[in-house]
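Student: I have a structure here, written as structure tokens, and I will follow up with some questions on it.
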Amino acid sequence: MNNSFSPDLITLLDEDGREHDFEILDIIERDSRRFYALMPIFEKGGDMLNSDGQYTILEALDTDTDEELCEVEDEELRLSLSRLFEERFDSMFYND
């Protein structure tokens with residue numbers, strides 16, 4: 001059996017220099033901006049069970065040397081993106 005599913009993973013550094021692993025659930029391009037829906041990856045199964053199951057939406061900002069992912073500060077934009085991601089998730093996973 002050929003299992004072609006392989007999640008897209010990304011490791012991000014927080015402000016304290018600690019690494020955090022995420023699965024990239026989806027990417028949306030909007031108004032020449034790129035937004036990522038990321039789900040944290042847990043090393044211990046118990047941590048996953050205790051999680052609220054929410055994903056994070058981050059915006060990609062190009063710097064001189066690299067791409068930086070930052071929180072979406074604008075609540076209205078974040079809600080709008082959340083609705084778009086949810087619609088896309090529904091169409092990907094619950095397509096009749």
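We label chains A, B, ... in the order they appear in the structure tokens, count residues from 1 in each chain, and number ligands from 1 in the order shown.
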If we count only C-alpha atoms, what is near stretch 87-94 of chain A at a cut-off of 9 Å, once residues fewer than 4 positions away on the same chain are taken out, given as a short mmCIF file (atom, residue, chain, number, x, y, z; two decimals) with C-alpha atoms, in the first residue's frame?

Tutor:
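Output file out07.cif is given in full below:
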```
data_model
loop_
_atom_site.label_atom_id
_atom_site.label_comp_id
_atom_site.auth_asym_id
_atom_site.auth_seq_id
_atom_site.Cartn_x
_atom_site.Cartn_y
_atom_site.Cartn_z
CA LEU A 25 -3.11 22.85 7.97
CA ASP A 26 -3.63 25.39 5.19
CA SER A 82 -10.88 31.95 10.69
CA ARG A 83 -14.16 31.77 8.77
#
```

Student: I'd like to know which residues of chain A are alpha helix (DSSP H) (by DSSP, run on the backbone); could you write them as an NGL selection string?

Tutor: :A and (45-50 or 75-93)

Student: Could you save the residues just selected, with N, CA and C atoms, as a compact mmCIF listing (two decimals), in the first residue's frame?

Tutor:
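The result, written out as selection18.txt:
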```
# COMPACT_ATOMS: atom_id res chain seq x y z
N GLY A 45 1.39 12.13 24.03
CA GLY A 45 -0.03 11.96 23.72
C GLY A 45 -0.93 12.63 24.73
N GLY A 46 -0.55 12.60 26.00
CA GLY A 46 -1.35 13.24 27.04
C GLY A 46 -1.48 14.73 26.84
N ASP A 47 -0.43 15.36 26.30
CA ASP A 47 -0.48 16.80 26.04
C ASP A 47 -1.54 17.10 24.98
N MET A 48 -1.62 16.23 23.98
CA MET A 48 -2.62 16.42 22.92
C MET A 48 -4.03 16.28 23.49
N LEU A 49 -4.22 15.31 24.37
CA LEU A 49 -5.54 15.10 24.96
C LEU A 49 -5.97 16.29 25.81
N ASN A 50 -5.02 16.98 26.42
CA ASN A 50 -5.32 18.13 27.26
C ASN A 50 -5.43 19.43 26.47
N GLU A 75 -8.33 41.87 15.21
CA GLU A 75 -9.33 40.86 15.56
C GLU A 75 -10.32 40.62 14.44
N GLU A 76 -10.75 41.67 13.76
CA GLU A 76 -11.70 41.53 12.66
C GLU A 76 -11.09 40.70 11.52
N LEU A 77 -9.83 40.97 11.19
CA LEU A 77 -9.14 40.20 10.17
C LEU A 77 -8.98 38.76 10.61
N ARG A 78 -8.60 38.54 11.86
CA ARG A 78 -8.41 37.18 12.37
C ARG A 78 -9.72 36.39 12.30
N LEU A 79 -10.84 37.01 12.64
CA LEU A 79 -12.14 36.34 12.56
C LEU A 79 -12.51 36.02 11.12
N SER A 80 -12.24 36.95 10.24
CA SER A 80 -12.52 36.74 8.81
C SER A 80 -11.68 35.58 8.26
N LEU A 81 -10.40 35.55 8.63
CA LEU A 81 -9.53 34.46 8.20
C LEU A 81 -9.98 33.13 8.79
N SER A 82 -10.39 33.16 10.04
CA SER A 82 -10.88 31.95 10.69
C SER A 82 -12.07 31.37 9.94
N ARG A 83 -12.99 32.23 9.54
CA ARG A 83 -14.16 31.77 8.77
C ARG A 83 -13.72 31.16 7.44
N LEU A 84 -12.75 31.81 6.76
CA LEU A 84 -12.26 31.28 5.49
C LEU A 84 -11.58 29.92 5.67
N PHE A 85 -10.73 29.82 6.69
CA PHE A 85 -10.07 28.53 6.95
C PHE A 85 -11.10 27.46 7.26
N GLU A 86 -12.09 27.78 8.09
CA GLU A 86 -13.12 26.80 8.45
C GLU A 86 -13.89 26.31 7.23
N GLU A 87 -14.22 27.23 6.32
CA GLU A 87 -14.91 26.85 5.09
C GLU A 87 -14.04 25.91 4.26
N ARG A 88 -12.76 26.22 4.18
CA ARG A 88 -11.85 25.38 3.41
C ARG A 88 -11.68 24.01 4.06
N PHE A 89 -11.59 23.99 5.41
CA PHE A 89 -11.48 22.70 6.11
C PHE A 89 -12.72 21.86 5.85
N ASP A 90 -13.89 22.50 5.92
CA ASP A 90 -15.13 21.77 5.66
C ASP A 90 -15.14 21.18 4.25
N SER A 91 -14.71 21.95 3.27
CA SER A 91 -14.73 21.45 1.89
C SER A 91 -13.68 20.35 1.69
N MET A 92 -12.55 20.40 2.42
CA MET A 92 -11.52 19.38 2.28
C MET A 92 -11.93 18.07 2.96
N PHE A 93 -12.54 18.17 4.14
CA PHE A 93 -12.79 16.98 4.94
C PHE A 93 -14.22 16.48 4.92
```

Student: Any chance you could list, as a ChimeraX atom specification, the residues in chain A that come up strand (DSSP E or B) when DSSP is run on the backbone?

Tutor: /A:9-13,19-30,33-40,56-62,67-71

Student: Next, write the just-selected residues to a file, as a tab-separated table (two decimals), in the first residue's frame, keeping N, CA and C atoms as the atom set.

Tutor:
```
chain	number	residue	atom	x	y	z
A	9	LEU	N	5.22	20.03	7.95
A	9	LEU	CA	5.61	20.42	9.30
A	9	LEU	C	6.52	21.63	9.25
A	10	ILE	N	6.46	22.43	10.31
A	10	ILE	CA	7.29	23.62	10.42
A	10	ILE	C	7.71	23.77	11.88
A	11	THR	N	8.94	24.21	12.09
A	11	THR	CA	9.43	24.48	13.43
A	11	THR	C	9.63	25.98	13.56
A	12	LEU	N	9.03	26.56	14.59
A	12	LEU	CA	9.14	27.99	14.83
A	12	LEU	C	9.87	28.24	16.14
A	13	LEU	N	10.59	29.35	16.20
A	13	LEU	CA	11.25	29.77	17.43
A	13	LEU	C	10.41	30.86	18.09
A	19	GLU	N	12.08	26.07	20.51
A	19	GLU	CA	11.47	25.54	19.30
A	19	GLU	C	10.09	24.96	19.58
A	20	HIS	N	9.17	25.18	18.64
A	20	HIS	CA	7.82	24.62	18.72
A	20	HIS	C	7.49	24.07	17.33
A	21	ASP	N	7.00	22.84	17.29
A	21	ASP	CA	6.66	22.19	16.03
A	21	ASP	C	5.17	22.32	15.76
A	22	PHE	N	4.85	22.56	14.48
A	22	PHE	CA	3.47	22.71	14.04
A	22	PHE	C	3.26	21.96	12.74
A	23	GLU	N	2.01	21.56	12.53
A	23	GLU	CA	1.59	21.05	11.23
A	23	GLU	C	0.91	22.20	10.50
A	24	ILE	N	1.26	22.39	9.24
A	24	ILE	CA	0.61	23.42	8.42
A	24	ILE	C	-0.69	22.82	7.91
A	25	LEU	N	-1.80	23.34	8.39
A	25	LEU	CA	-3.11	22.85	7.97
A	25	LEU	C	-3.53	23.43	6.63
A	26	ASP	N	-3.23	24.72	6.42
A	26	ASP	CA	-3.63	25.39	5.19
A	26	ASP	C	-2.93	26.74	5.11
A	27	ILE	N	-2.88	27.29	3.90
A	27	ILE	CA	-2.30	28.61	3.66
A	27	ILE	C	-3.28	29.38	2.79
A	28	ILE	N	-3.55	30.62	3.16
A	28	ILE	CA	-4.43	31.49	2.38
A	28	ILE	C	-3.63	32.71	1.94
A	29	GLU	N	-3.74	33.04	0.65
A	29	GLU	CA	-3.19	34.28	0.12
A	29	GLU	C	-4.35	35.26	0.02
A	30	ARG	N	-4.14	36.44	0.61
A	30	ARG	CA	-5.22	37.45	0.61
A	30	ARG	C	-4.60	38.84	0.58
A	33	ARG	N	-0.96	39.14	0.86
A	33	ARG	CA	-0.46	38.69	2.17
A	33	ARG	C	-0.70	37.20	2.29
A	34	ARG	N	0.15	36.51	3.08
A	34	ARG	CA	0.04	35.06	3.24
A	34	ARG	C	-0.22	34.74	4.71
A	35	PHE	N	-1.24	33.89	4.94
A	35	PHE	CA	-1.64	33.52	6.28
A	35	PHE	C	-1.62	32.00	6.41
A	36	TYR	N	-1.12	31.54	7.54
A	36	TYR	CA	-0.99	30.11	7.82
A	36	TYR	C	-1.94	29.69	8.93
A	37	ALA	N	-2.56	28.53	8.77
A	37	ALA	CA	-3.30	27.89	9.85
A	37	ALA	C	-2.41	26.76	10.34
A	38	LEU	N	-1.99	26.84	11.62
A	38	LEU	CA	-1.03	25.89	12.19
A	38	LEU	C	-1.62	25.19	13.39
A	39	MET	N	-1.37	23.88	13.47
A	39	MET	CA	-1.79	23.08	14.62
A	39	MET	C	-0.52	22.62	15.34
A	40	PRO	N	-0.45	22.85	16.66
A	40	PRO	CA	0.74	22.41	17.39
A	40	PRO	C	0.87	20.89	17.36
A	56	THR	N	-3.74	27.85	15.23
A	56	THR	CA	-3.25	29.22	15.31
A	56	THR	C	-3.17	29.80	13.91
A	57	ILE	N	-3.54	31.06	13.76
A	57	ILE	CA	-3.42	31.75	12.48
A	57	ILE	C	-2.28	32.75	12.61
A	58	LEU	N	-1.29	32.62	11.71
A	58	LEU	CA	-0.14	33.52	11.70
A	58	LEU	C	0.03	34.11	10.31
A	59	GLU	N	0.57	35.32	10.27
A	59	GLU	CA	0.84	35.99	9.00
A	59	GLU	C	2.33	35.92	8.69
A	60	ALA	N	2.65	35.65	7.43
A	60	ALA	CA	4.04	35.61	6.99
A	60	ALA	C	4.48	37.02	6.62
A	61	LEU	N	5.58	37.45	7.23
A	61	LEU	CA	6.17	38.75	6.92
A	61	LEU	C	7.58	38.50	6.40
A	62	ASP	N	7.88	39.06	5.24
A	62	ASP	CA	9.23	38.90	4.68
A	62	ASP	C	10.17	39.89	5.34
A	67	GLU	N	11.69	34.63	6.26
A	67	GLU	CA	10.27	34.87	6.45
A	67	GLU	C	9.96	34.70	7.93
A	68	GLU	N	9.22	35.65	8.47
A	68	GLU	CA	8.86	35.60	9.89
A	68	GLU	C	7.35	35.44	10.00
A	69	LEU	N	6.90	34.57	10.90
A	69	LEU	CA	5.48	34.38	11.13
A	69	LEU	C	5.08	35.11	12.40
A	70	CYS	N	4.05	35.94	12.30
A	70	CYS	CA	3.62	36.77	13.42
A	70	CYS	C	2.12	36.61	13.65
A	71	GLU	N	1.71	36.87	14.87
A	71	GLU	CA	0.29	36.82	15.20
A	71	GLU	C	-0.47	37.88	14.42
```

Student: What is the distance between atom CA of A:Asp16 and atom CA of A:Asp66, in Å to one decimal?

Tutor: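 Atom CA of A:Asp66 lies 18.3 Å from atom CA of A:Asp16.
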
Student: Distance atom CA of A:Asp8-atom CA of A:Val72, one decimal place?

Tutor: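 Separation of atom CA of A:Asp8 and atom CA of A:Val72: 21.2 Å.
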
Student: With only C-alpha atoms as the basis for distance, which of A:Tyr55, A:Ile41, A:Thr63, A:Glu73 is at the shortest distance from A:Pro7?

Tutor: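 Nearest candidate to A:Pro7 out of A:Tyr55, A:Ile41, A:Thr63, A:Glu73: A:Ile41.
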